[in-house]
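Next comes model-v9.txt, a file with compact mmCIF, C-alpha atoms and all ligand atoms.
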# COMPACT_ATOMS: atom_id res chain seq x y z
CA MET B 1 121.20 190.89 27.95
CA LYS B 2 121.74 187.45 26.78
CA LYS B 3 125.08 187.36 28.61
CA LYS B 4 123.37 188.66 31.80
CA LEU B 5 120.52 186.13 31.66
CA LEU B 6 122.90 183.36 30.98
CA GLY B 7 124.96 184.53 33.90
CA THR B 8 121.91 184.69 36.07
CA LEU B 9 120.82 181.29 34.94
CA LEU B 10 124.32 179.95 35.54
CA SER B 11 124.40 181.60 38.95
CA ALA B 12 120.98 180.19 39.74
CA ALA B 13 122.13 176.83 38.59
CA MET B 14 125.23 177.24 40.60
CA VAL B 15 123.14 178.36 43.53
CA MET B 16 120.73 175.54 42.89
CA SER B 17 123.57 173.12 42.59
CA LEU B 18 125.13 174.73 45.55
CA LEU B 19 121.84 174.55 47.31
CA ALA B 20 121.37 170.99 46.19
CA GLY B 21 124.94 170.33 46.98
CA CYS B 22 124.59 172.30 50.02
CA GLY B 23 121.50 170.26 50.53
CA SER B 24 123.50 167.16 49.77
CA THR B 25 126.60 168.61 51.18
CA ALA B 26 125.35 171.26 53.56
CA GLN B 27 122.31 169.12 54.45
CA GLN B 28 124.02 165.65 54.30
CA PRO B 29 125.40 165.55 57.88
CA ALA B 30 122.12 166.94 59.11
CA ALA B 31 120.23 164.21 57.31
CA ASP B 32 122.50 161.60 58.71
CA ALA B 33 122.12 163.10 62.10
CA ALA B 34 118.38 163.19 61.62
CA ALA B 35 118.40 159.57 60.52
CA ASP B 36 120.59 158.67 63.44
CA THR B 37 118.27 160.59 65.71
CA ALA B 38 115.25 158.86 64.29
CA ALA B 39 116.90 155.49 64.77
CA ALA B 40 117.81 156.39 68.31
CA VAL B 41 114.27 157.56 68.99
CA GLU B 42 112.95 154.32 67.56
CA GLU B 43 115.40 152.34 69.69
CA THR B 44 114.38 154.28 72.78
CA ALA B 45 110.75 153.73 71.98
CA ASP B 46 111.40 149.99 71.65
CA ALA B 47 113.28 149.96 74.96
CA ALA B 48 110.49 151.90 76.60
CA ALA B 49 107.99 149.42 75.22
CA ASP B 50 110.10 146.52 76.61
CA THR B 51 110.33 148.26 79.98
CA ALA B 52 106.62 148.80 79.97
CA ASP B 53 106.07 145.11 79.19
CA ALA B 54 108.49 144.10 82.01
CA ALA B 55 106.74 146.47 84.38
CA ALA B 56 103.41 144.95 83.43
CA ASP B 57 104.78 141.44 84.08
CA THR B 58 106.21 142.54 87.44
CA ALA B 59 102.93 144.15 88.37
CA ALA B 60 101.16 140.88 87.55
CA ASP B 61 103.68 138.94 89.67
CA VAL B 62 103.26 141.37 92.54
CA GLU B 63 99.49 141.04 92.30
CA GLU B 64 99.76 137.22 92.31
CA ALA B 65 102.07 137.32 95.33
CA ALA B 66 99.70 139.71 97.09
CA GLU B 67 96.82 137.32 96.42
CA LYS B 68 98.85 134.45 97.94
CA VAL B 69 99.67 136.50 101.02
CA GLU B 70 96.01 137.40 101.29
CA GLU B 71 95.02 133.72 101.06
CA ALA B 72 97.56 132.75 103.72
CA ALA B 73 96.34 135.53 105.98
CA ALA B 74 92.77 134.38 105.38
CA ASP B 75 93.75 130.83 106.27
CA ALA B 76 95.43 132.00 109.41
CA GLY B 77 92.49 134.22 110.14
CA ALA B 78 90.06 131.37 109.57
CA ALA B 79 91.97 129.34 112.11
CA GLY B 80 91.89 132.39 114.36
CA GLY B 81 95.68 132.36 114.18
CA ASN B 82 95.71 129.10 116.22
CA ILE B 83 98.95 127.16 116.45
CA SER B 84 98.53 123.90 114.51
CA ILE B 85 99.98 120.75 116.07
CA GLY B 86 100.21 117.19 114.77
CA PHE B 87 100.47 114.54 117.54
CA ALA B 88 101.42 110.93 116.65
CA GLN B 89 100.52 108.95 119.80
CA VAL B 90 101.76 105.37 120.52
CA GLY B 91 98.27 103.91 120.84
CA HIS B 92 95.71 103.16 123.55
CA GLU B 93 97.33 100.13 125.25
CA SER B 94 97.24 101.23 128.89
CA ASP B 95 95.77 103.49 131.58
CA TRP B 96 99.01 105.44 131.35
CA ARG B 97 98.47 106.03 127.63
CA THR B 98 94.90 107.17 128.18
CA ALA B 99 96.13 109.77 130.70
CA SER B 100 98.92 110.89 128.33
CA THR B 101 96.45 111.39 125.46
CA LYS B 102 93.95 113.27 127.66
CA SER B 103 96.74 115.54 128.94
CA CYS B 104 97.64 116.55 125.37
CA GLN B 105 94.05 116.97 124.22
CA ASP B 106 93.23 119.11 127.29
CA VAL B 107 96.25 121.40 126.86
CA PHE B 108 96.26 121.69 123.06
CA SER B 109 92.58 122.58 122.76
CA GLU B 110 91.03 125.14 120.40
CA ALA B 111 90.01 127.18 123.43
CA ASN B 112 93.69 127.41 124.36
CA GLY B 113 94.61 128.60 120.85
CA TYR B 114 95.61 125.33 119.21
CA ASP B 115 94.40 123.19 116.32
CA LEU B 116 95.38 119.61 117.27
CA SER B 117 95.56 116.83 114.66
CA PHE B 118 95.69 113.65 116.78
CA VAL B 119 96.55 110.19 115.42
CA ASP B 120 96.34 107.04 117.60
CA CYS B 121 98.96 104.86 115.88
CA ASP B 122 97.76 101.66 117.61
CA ASN B 123 101.30 100.45 118.39
CA ASP B 124 102.05 100.30 114.63
CA GLU B 125 105.47 101.79 113.78
CA ALA B 126 104.68 102.18 110.04
CA ALA B 127 101.39 103.91 110.82
CA GLN B 128 103.24 106.30 113.12
CA LYS B 129 105.73 107.32 110.39
CA GLU B 130 102.78 107.75 108.00
CA ALA B 131 101.03 110.00 110.51
CA VAL B 132 104.12 112.21 110.80
CA ARG B 133 104.34 112.49 107.00
CA SER B 134 100.65 113.45 106.87
CA PHE B 135 101.39 116.28 109.32
CA ILE B 136 104.17 117.48 107.00
CA GLU B 137 101.67 117.45 104.11
CA GLN B 138 99.22 119.46 106.22
CA GLY B 139 101.97 122.00 106.94
CA VAL B 140 101.37 122.05 110.71
CA ASP B 141 103.35 124.43 112.87
CA TYR B 142 104.68 121.74 115.26
CA ILE B 143 104.83 117.93 115.40
CA ILE B 144 104.71 115.94 118.66
CA ILE B 145 105.82 112.28 118.60
CA ASP B 146 105.66 109.63 121.34
CA PRO B 147 107.82 107.05 119.50
CA ILE B 148 106.55 103.47 119.68
CA ILE B 149 110.14 102.22 119.44
CA ALA B 150 113.40 104.11 119.83
CA THR B 151 114.95 103.53 116.38
CA GLY B 152 114.20 104.06 112.67
CA TRP B 153 113.47 107.79 112.96
CA ASP B 154 116.25 109.74 111.19
CA THR B 155 114.71 109.68 107.69
CA VAL B 156 111.31 111.01 108.69
CA LEU B 157 112.82 113.53 111.14
CA THR B 158 114.99 114.79 108.26
CA GLU B 159 111.79 115.28 106.23
CA CYS B 160 110.34 117.33 109.11
CA GLU B 161 113.56 119.38 109.29
CA ASP B 162 113.49 119.96 105.49
CA ALA B 163 109.86 121.11 105.81
CA GLY B 164 110.89 123.53 108.58
CA ILE B 165 108.55 121.93 111.13
CA PRO B 166 109.97 121.65 114.69
CA VAL B 167 109.51 118.23 116.33
CA ILE B 168 109.00 117.68 120.07
CA VAL B 169 109.38 114.12 121.39
CA ILE B 170 107.46 113.11 124.51
CA ASP B 171 107.70 110.14 126.86
CA ARG B 172 109.66 107.45 125.03
CA THR B 173 112.96 108.47 123.45
CA ILE B 174 114.35 108.44 119.90
CA ASP B 175 117.82 106.92 120.06
CA ASP B 176 119.00 107.12 116.42
CA SER B 177 118.45 110.79 115.58
CA ASP B 178 118.65 114.17 117.34
CA LYS B 179 116.66 116.08 114.73
CA TYR B 180 114.09 117.24 117.25
CA VAL B 181 113.94 120.37 119.39
CA SER B 182 113.17 118.87 122.80
CA TRP B 183 112.29 115.62 124.56
CA VAL B 184 109.96 115.70 127.58
CA GLY B 185 109.73 112.51 129.63
CA SER B 186 111.04 110.18 132.29
CA ASN B 187 114.33 108.50 133.05
CA PHE B 188 113.45 104.85 132.47
CA LEU B 189 116.87 103.59 133.56
CA THR B 190 116.37 105.34 136.91
CA GLU B 191 112.92 103.75 137.22
CA GLY B 192 114.44 100.28 136.67
CA LYS B 193 117.24 100.96 139.17
CA ALA B 194 114.70 102.27 141.72
CA ALA B 195 112.78 98.97 141.53
CA GLY B 196 116.03 97.00 141.93
CA GLU B 197 117.40 99.06 144.81
CA TRP B 198 114.02 99.00 146.59
CA LEU B 199 113.86 95.17 146.24
CA LYS B 200 117.38 94.84 147.66
CA ALA B 201 116.53 96.97 150.71
CA TYR B 202 113.11 95.34 151.21
CA ALA B 203 114.49 91.77 150.89
CA GLU B 204 117.11 92.60 153.51
CA LYS B 205 114.40 94.02 155.83
CA GLN B 206 112.27 90.89 155.31
CA GLY B 207 115.24 88.51 155.69
CA ILE B 208 114.77 87.17 152.15
CA LYS B 209 118.10 85.62 151.15
CA GLU B 210 117.37 84.48 147.60
CA ILE B 211 115.66 86.33 144.76
CA ASN B 212 114.27 84.29 141.84
CA ALA B 213 112.50 86.81 139.61
CA LEU B 214 110.22 86.61 136.59
CA VAL B 215 109.98 89.75 134.43
CA ILE B 216 107.08 90.74 132.17
CA SER B 217 108.65 93.48 130.04
CA GLY B 218 107.04 96.24 127.98
CA SER B 219 106.91 96.57 124.18
CA THR B 220 110.24 95.31 122.89
CA GLY B 221 112.43 98.19 121.67
CA ALA B 222 110.46 100.87 123.45
CA SER B 223 112.87 103.04 125.45
CA ALA B 224 110.65 102.51 128.51
CA GLN B 225 111.19 98.75 128.19
CA ILE B 226 114.91 99.11 127.51
CA GLY B 227 115.51 101.45 130.45
CA ARG B 228 113.46 99.51 132.99
CA SER B 229 115.05 96.19 131.96
CA ASP B 230 118.59 97.59 131.96
CA GLY B 231 118.13 99.35 135.30
CA PHE B 232 116.62 96.35 137.13
CA ASN B 233 119.05 93.86 135.55
CA GLU B 234 122.03 96.02 136.62
CA ILE B 235 121.02 95.66 140.29
CA ALA B 236 120.11 91.97 139.85
CA LYS B 237 123.54 91.23 138.44
CA ARG B 238 125.30 93.19 141.19
CA GLU B 239 123.29 91.36 143.90
CA GLY B 240 123.59 87.90 142.31
CA TRP B 241 119.82 87.46 141.86
CA THR B 242 118.39 84.92 139.39
CA ILE B 243 116.22 86.28 136.58
CA LEU B 244 114.38 83.08 135.62
CA ASP B 245 112.79 84.62 132.51
CA GLU B 246 111.92 87.91 130.78
CA GLN B 247 109.15 87.98 128.14
CA THR B 248 107.20 90.91 126.69
CA GLY B 249 103.64 91.61 127.74
CA ASP B 250 103.57 94.60 125.33
CA PHE B 251 102.41 96.92 128.12
CA THR B 252 98.91 95.40 127.97
CA GLU B 253 96.72 93.57 130.51
CA ALA B 254 96.10 90.72 128.08
CA GLY B 255 99.83 90.42 127.45
CA GLY B 256 100.59 90.35 131.18
CA GLN B 257 98.01 87.65 131.80
CA GLU B 258 99.19 85.47 128.89
CA VAL B 259 102.85 85.59 129.93
CA MET B 260 102.04 84.99 133.63
CA GLU B 261 99.86 81.99 132.77
CA SER B 262 102.84 80.51 130.96
CA TYR B 263 105.19 81.38 133.83
CA CYS B 264 102.88 79.75 136.41
CA LYS B 265 103.17 76.48 134.44
CA SER B 266 106.89 76.69 133.56
CA TYR B 267 108.17 77.98 136.92
CA GLU B 268 105.62 76.63 139.40
CA GLY B 269 106.99 77.01 142.95
CA LYS B 270 110.34 78.40 141.71
CA PHE B 271 109.79 82.17 141.79
CA ASN B 272 109.33 84.68 144.63
CA VAL B 273 109.34 87.98 142.66
CA VAL B 274 107.33 89.14 139.62
CA VAL B 275 108.30 92.43 137.93
CA CYS B 276 105.70 93.90 135.56
CA GLN B 277 106.90 96.89 133.48
CA ASN B 278 103.53 98.63 133.73
CA ASP B 279 100.36 98.41 135.83
CA ASN B 280 98.22 96.93 133.07
CA GLU B 281 100.59 93.96 132.76
CA ALA B 282 100.37 93.64 136.57
CA PHE B 283 96.55 93.53 136.39
CA GLY B 284 96.80 90.63 133.92
CA ALA B 285 99.50 88.88 135.93
CA MET B 286 97.33 89.06 139.06
CA THR B 287 94.45 87.39 137.22
CA ALA B 288 96.77 84.60 136.08
CA MET B 289 98.24 84.09 139.58
CA ASP B 290 94.76 84.09 141.12
CA ASN B 291 93.71 81.41 138.63
CA ALA B 292 96.86 79.40 139.38
CA GLY B 293 96.47 79.73 143.15
CA VAL B 294 99.71 81.75 143.56
CA ALA B 295 99.66 84.03 146.63
CA TYR B 296 101.20 87.45 145.93
CA GLY B 297 101.51 90.69 147.91
CA PRO B 298 103.15 91.81 151.20
CA GLY B 299 103.75 88.82 153.50
CA LYS B 300 102.75 86.35 150.76
CA ASP B 301 104.82 83.95 148.58
CA VAL B 302 105.44 86.40 145.73
CA ILE B 303 106.54 90.05 145.77
CA LEU B 304 104.78 91.90 142.89
CA ILE B 305 106.53 95.01 141.55
CA SER B 306 104.97 97.36 138.96
CA PHE B 307 105.63 100.61 137.05
CA ASP B 308 103.47 103.61 136.04
CA ALA B 309 101.61 104.05 139.37
CA CYS B 310 98.32 104.90 137.62
CA THR B 311 95.25 105.31 139.85
CA ALA B 312 94.21 101.65 139.51
CA GLY B 313 97.78 100.56 140.20
CA LEU B 314 97.88 102.54 143.45
CA GLU B 315 94.52 101.06 144.43
CA ASP B 316 96.15 97.61 144.12
CA VAL B 317 99.05 98.82 146.30
CA LYS B 318 96.52 100.03 148.91
CA ALA B 319 94.72 96.65 148.65
CA GLY B 320 97.96 94.79 149.51
CA LYS B 321 98.43 93.25 146.04
CA ILE B 322 101.27 95.27 144.47
CA SER B 323 104.17 95.65 146.92
CA ALA B 324 105.74 98.72 145.28
CA ASP B 325 104.79 100.84 142.25
CA PHE B 326 107.37 103.02 140.44
CA GLU B 327 105.75 106.05 138.83
CA CYS B 328 106.16 107.22 135.26
CA ASN B 329 104.40 110.57 134.91
CA PRO B 330 102.17 110.75 131.77
CA LEU B 331 101.22 114.43 132.15
CA ALA B 332 103.88 115.86 129.81
CA ALA B 333 101.63 118.23 127.83
CA PRO B 334 102.03 121.32 130.09
CA PHE B 335 105.81 120.98 129.75
CA VAL B 336 105.49 120.55 125.98
CA GLU B 337 103.38 123.72 125.84
CA GLN B 338 106.19 125.58 127.62
CA VAL B 339 108.61 124.38 124.93
CA ILE B 340 106.25 125.57 122.17
CA GLN B 341 105.76 128.98 123.79
CA GLN B 342 109.54 129.33 124.08
CA LEU B 343 109.88 128.55 120.37
CA GLN B 344 107.08 130.99 119.53
CA GLY B 345 109.03 133.63 121.44
CA GLY B 346 112.25 132.85 119.58
CA GLU B 347 113.86 131.24 122.61
CA THR B 348 115.83 127.96 122.62
CA PRO B 349 114.24 125.35 124.91
CA ASP B 350 116.20 122.71 126.82
CA LYS B 351 116.93 119.59 124.77
CA GLU B 352 115.72 117.37 127.65
CA VAL B 353 112.93 118.10 130.17
CA PHE B 354 112.56 115.43 132.88
CA MET B 355 109.26 114.76 134.65
CA GLU B 356 109.06 114.34 138.43
CA GLU B 357 108.41 110.76 139.59
CA HIS B 358 107.46 109.11 142.90
CA TRP B 359 108.02 105.62 144.34
CA TYR B 360 104.86 104.32 146.06
CA ALA B 361 104.22 101.69 148.77
CA LEU B 362 102.31 101.06 152.02
CA PRO B 363 104.14 101.93 155.27
CA ASP B 364 105.40 98.36 155.85
CA GLN B 365 106.96 98.32 152.40
CA ILE B 366 108.57 101.76 152.69
CA VAL B 367 112.31 101.29 153.11
CA GLU B 368 115.35 103.52 152.72
CA PHE B 369 117.34 103.07 149.53
CA SER B 370 119.58 105.08 147.22
CA ILE B 371 120.15 105.15 143.45
CA ASP B 372 123.78 105.70 142.47
CA GLY B 373 124.38 107.14 145.95
CA GLU B 374 121.34 109.48 145.76
CA PRO B 375 118.95 108.81 148.73
CA GLN B 376 115.38 108.19 147.56
CA LYS B 377 112.12 109.31 149.21
CA MET B 378 109.17 106.91 149.05
CA THR B 379 105.53 108.05 149.13
CA GLU B 380 102.88 106.28 151.25
CA VAL B 381 99.77 105.33 149.31
CA THR B 382 96.73 106.88 151.00
CA ASP B 383 93.18 107.54 149.78
CA GLU B 384 94.19 111.18 149.21
CA VAL B 385 97.20 110.19 147.10
CA ILE B 386 95.01 107.87 145.04
CA ALA B 387 92.35 110.54 144.56
CA ALA B 388 95.00 112.97 143.25
CA GLN B 389 96.68 110.49 140.86
CA TYR B 390 96.22 110.57 137.09
C1 LIG Y 1 106.36 104.92 129.61
C2 LIG Y 1 105.30 104.66 128.58
C3 LIG Y 1 104.82 103.28 128.73
C4 LIG Y 1 104.06 103.09 130.03
C5 LIG Y 1 103.06 102.10 129.59
O1 LIG Y 1 106.76 106.21 129.54
O2 LIG Y 1 105.81 104.81 127.28
O3 LIG Y 1 103.96 102.99 127.66
O4 LIG Y 1 104.87 102.65 131.06
C6 LIG Y 1 102.70 102.62 128.22
O5 LIG Y 1 101.93 102.03 130.38
O6 LIG Y 1 102.10 101.66 127.48

The structure in this file should be written as structure tokens.
Ligand code: GZL
Amino acid sequence: MKKKLLGTLLSAAMVMSLLAGCGSTAQQPAADAAADTAAAVEETADAAADTADAAADTAADVEEAAEKVEEAAADAGAAGGNISIGFAQVGHESDWRTASTKSCQDVFSEANGYDLSFVDCDNDEAAQKEAVRSFIEQGVDYIIIDPIIATGWDTVLTECEDAGIPVIVIDRTIDDSDKYVSWVGSNFLTEGKAAGEWLKAYAEKQGIKEINALVISGSTGASAQIGRSDGFNEIAKREGWTILDEQTGDFTEAGGQEVMESYCKSYEGKFNVVVCQNDNEAFGAMTAMDNAGVAYGPGKDVILISFDACTAGLEDVKAGKISADFECNPLAAPFVEQVIQQLQGGETPDKEVFMEEHWYALPDQIVEFSIDGEPQKMTEVTDEVIAAQY
């Protein structure tokens, strides 16, 4: 019995040890595997927690972005989806400028679907650059610039380009940068040549052998001044005329009067032609010549030539004061709107859009002339023509 019990006990022990062993031996890999599994589960749980955190962050970002889109849509909605335009205008120096400003304000009205930010830069170049930068700050859709002078623009146009805001230049040109979509305006060189070629033909018709001219030029450095001076001087040089003097009247009536008063003193009895580079200078020059007793106009001592052909200028042609007036069309806004609509439609507008111009006189001062071989048509000034002018 004892032997049997002992045997049983030993067997049990063996079994126990086996079991334990088996537990440590049979169960060991399983335990490891279980531990490994537990570690893996823990790792997975951590990863899942990280993923959940990342998803939560992303959801927050998406929500923030959605809010921003909503705000932008609200802004656009508040503006009724109008196209926003910043316009940096030269100033208010002439009748021509007044017509140019009105043309833009009429076309780019809220009723027409635009929000126009207009700045009259009062002939101040620094103020004009500042106005353009303020438009960039505002984040307008388009910027229109009528550049006071032709140079010094590349830096600020680069800022517009970097901001993704298309620039349209009207009237005067920018000569030191092409970082704009389109320019809409007049050919000032052609205007100057037209005045010169007309004077040549008219002088021949009148039997005038000698031309001694005084010029009252526009704002120095403005492309309108540069073109008109270069064009007229090219003909003067070819014909051997004498340009006694050229001083700037800054495109204003006061400037024209001041310069003409000085001319009447310095060149008394020596001049038979006065060229004013816009009508407002001509109005001032007429006042000065009246005060100095100088007779000007068709059949008088002095031939008076002007540019712009604004309504008041044509009235002075009709009154026999200005002998010929060479138009510069200020009504560019409809053509600018076409450029903007093309851009809105994803089209590429022309880089240059030229306005149509006319050369005005009374019948006795209408003569045939050509510019670079191109015959020119002159327009008689009548009450109807004046009534229809800008
Ligand atoms: C010309 C324009 C000129 C006008 C002037 O296009 O820039 O500026 O001739 C105006 O009347 O001041």

Problem - d(atom CA of B:Gly227, atom CA of B:Ser177) in Å - result: 17.8 Å

At a cut-off of 7 Å and counting only C-alpha atoms and all ligand atoms, what residues surround ligand LIG 1 (chain Y)? Please answer as a PDB file with C-alpha atoms, in the frame of the given file.
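And here is the file that came out, out.pdb:
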ATOM      1  CA  GLU B  93      97.330 100.130 125.250  1.00  0.00           C
ATOM      2  CA  SER B  94      97.240 101.230 128.890  1.00  0.00           C
ATOM      3  CA  ASP B  95      95.770 103.490 131.580  1.00  0.00           C
ATOM      4  CA  TRP B  96      99.010 105.440 131.350  1.00  0.00           C
ATOM      5  CA  ARG B  97      98.470 106.030 127.630  1.00  0.00           C
ATOM      6  CA  ASP B 171     107.700 110.140 126.860  1.00  0.00           C
ATOM      7  CA  ARG B 172     109.660 107.450 125.030  1.00  0.00           C
ATOM      8  CA  GLY B 185     109.730 112.510 129.630  1.00  0.00           C
ATOM      9  CA  SER B 186     111.040 110.180 132.290  1.00  0.00           C
ATOM     10  CA  ALA B 224     110.650 102.510 128.510  1.00  0.00           C
ATOM     11  CA  PHE B 251     102.410  96.920 128.120  1.00  0.00           C
ATOM     12  CA  GLN B 277     106.900  96.890 133.480  1.00  0.00           C
ATOM     13  CA  ASN B 278     103.530  98.630 133.730  1.00  0.00           C
ATOM     14  CA  ASP B 279     100.360  98.410 135.830  1.00  0.00           C
ATOM     15  CA  ASN B 280      98.220  96.930 133.070  1.00  0.00           C
ATOM     16  CA  PHE B 307     105.630 100.610 137.050  1.00  0.00           C
ATOM     17  CA  ASP B 308     103.470 103.610 136.040  1.00  0.00           C
ATOM     18  CA  CYS B 328     106.160 107.220 135.260  1.00  0.00           C
ATOM     19  CA  PRO B 330     102.170 110.750 131.770  1.00  0.00           C
TER      20      PRO B 330
END

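Residues lying within 9 Å of stretch 315-322 of chain B, counting all atoms listed in the file and ignoring same-chain neighbours fewer than 4 positions away, are Ala282, Phe283, Met286, Tyr296, Gly297, Pro298, Ile303, Leu304, Ile305, Ser306, Cys310, Thr311, Tyr360, Ala361, Leu362, Val381, Thr382, Asp383 and Ile386 of chain B.
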
Practice task
Enter the distance from atom CA of B:Leu189 to atom CA of B:Asn233, in Å, rounded to one decimal.
Solution key: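 Going from atom CA of B:Leu189 over to atom CA of B:Asn233 covers 10.2 Å.
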
Practice task
Using all atoms listed in the file, pick whichever of B:Ser219, B:Glu380, B:Glu110, B:Ala203 has the shortest atom-to-atom distance to B:Asn123.
Solution key: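 The closest residue to B:Asn123 is B:Ser219.
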
Working from the structure I just supplied, which lacks atoms in stretch 85-101 of chain B, can you model N, CA and C atoms there and output them as a tab-separated table (two decimals), in the coordinates of the input?
chain	number	residue	atom	x	y	z
B	85	ILE	N	99.09	121.79	115.52
B	85	ILE	CA	99.98	120.75	116.07
B	85	ILE	C	99.53	119.38	115.56
B	86	GLY	N	100.48	118.59	115.11
B	86	GLY	CA	100.21	117.19	114.77
B	86	GLY	C	100.80	116.31	115.86
B	87	PHE	N	99.98	115.40	116.46
B	87	PHE	CA	100.47	114.54	117.54
B	87	PHE	C	100.30	113.08	117.14
B	88	ALA	N	101.43	112.36	116.99
B	88	ALA	CA	101.42	110.93	116.65
B	88	ALA	C	101.63	110.15	117.93
B	89	GLN	N	100.51	109.63	118.50
B	89	GLN	CA	100.52	108.95	119.80
B	89	GLN	C	100.76	107.46	119.60
B	90	VAL	N	101.43	106.81	120.60
B	90	VAL	CA	101.76	105.37	120.52
B	90	VAL	C	100.51	104.55	120.18
B	91	GLY	N	99.47	104.74	121.02
B	91	GLY	CA	98.27	103.91	120.84
B	91	GLY	C	97.31	104.14	121.98
B	92	HIS	N	96.69	103.05	122.44
B	92	HIS	CA	95.71	103.16	123.55
B	92	HIS	C	95.83	101.90	124.43
B	93	GLU	N	97.06	101.43	124.62
B	93	GLU	CA	97.33	100.13	125.25
B	93	GLU	C	97.21	100.11	126.77
B	94	SER	N	97.18	101.28	127.42
B	94	SER	CA	97.24	101.23	128.89
B	94	SER	C	96.56	102.44	129.51
B	95	ASP	N	96.34	102.35	130.84
B	95	ASP	CA	95.77	103.49	131.58
B	95	ASP	C	96.71	104.68	131.45
B	96	TRP	N	98.00	104.38	131.46
B	96	TRP	CA	99.01	105.44	131.35
B	96	TRP	C	98.81	106.17	130.03
B	97	ARG	N	98.60	105.43	128.96
B	97	ARG	CA	98.47	106.03	127.63
B	97	ARG	C	97.21	106.89	127.56
B	98	THR	N	96.16	106.40	128.17
B	98	THR	CA	94.90	107.17	128.18
B	98	THR	C	95.13	108.53	128.85
B	99	ALA	N	95.86	108.52	129.97
B	99	ALA	CA	96.13	109.77	130.70
B	99	ALA	C	97.03	110.69	129.87
B	100	SER	N	98.00	110.09	129.16
B	100	SER	CA	98.92	110.89	128.33
B	100	SER	C	98.13	111.58	127.21
B	101	THR	N	97.24	110.82	126.56
B	101	THR	CA	96.45	111.39	125.46
B	101	THR	C	95.55	112.51	125.96
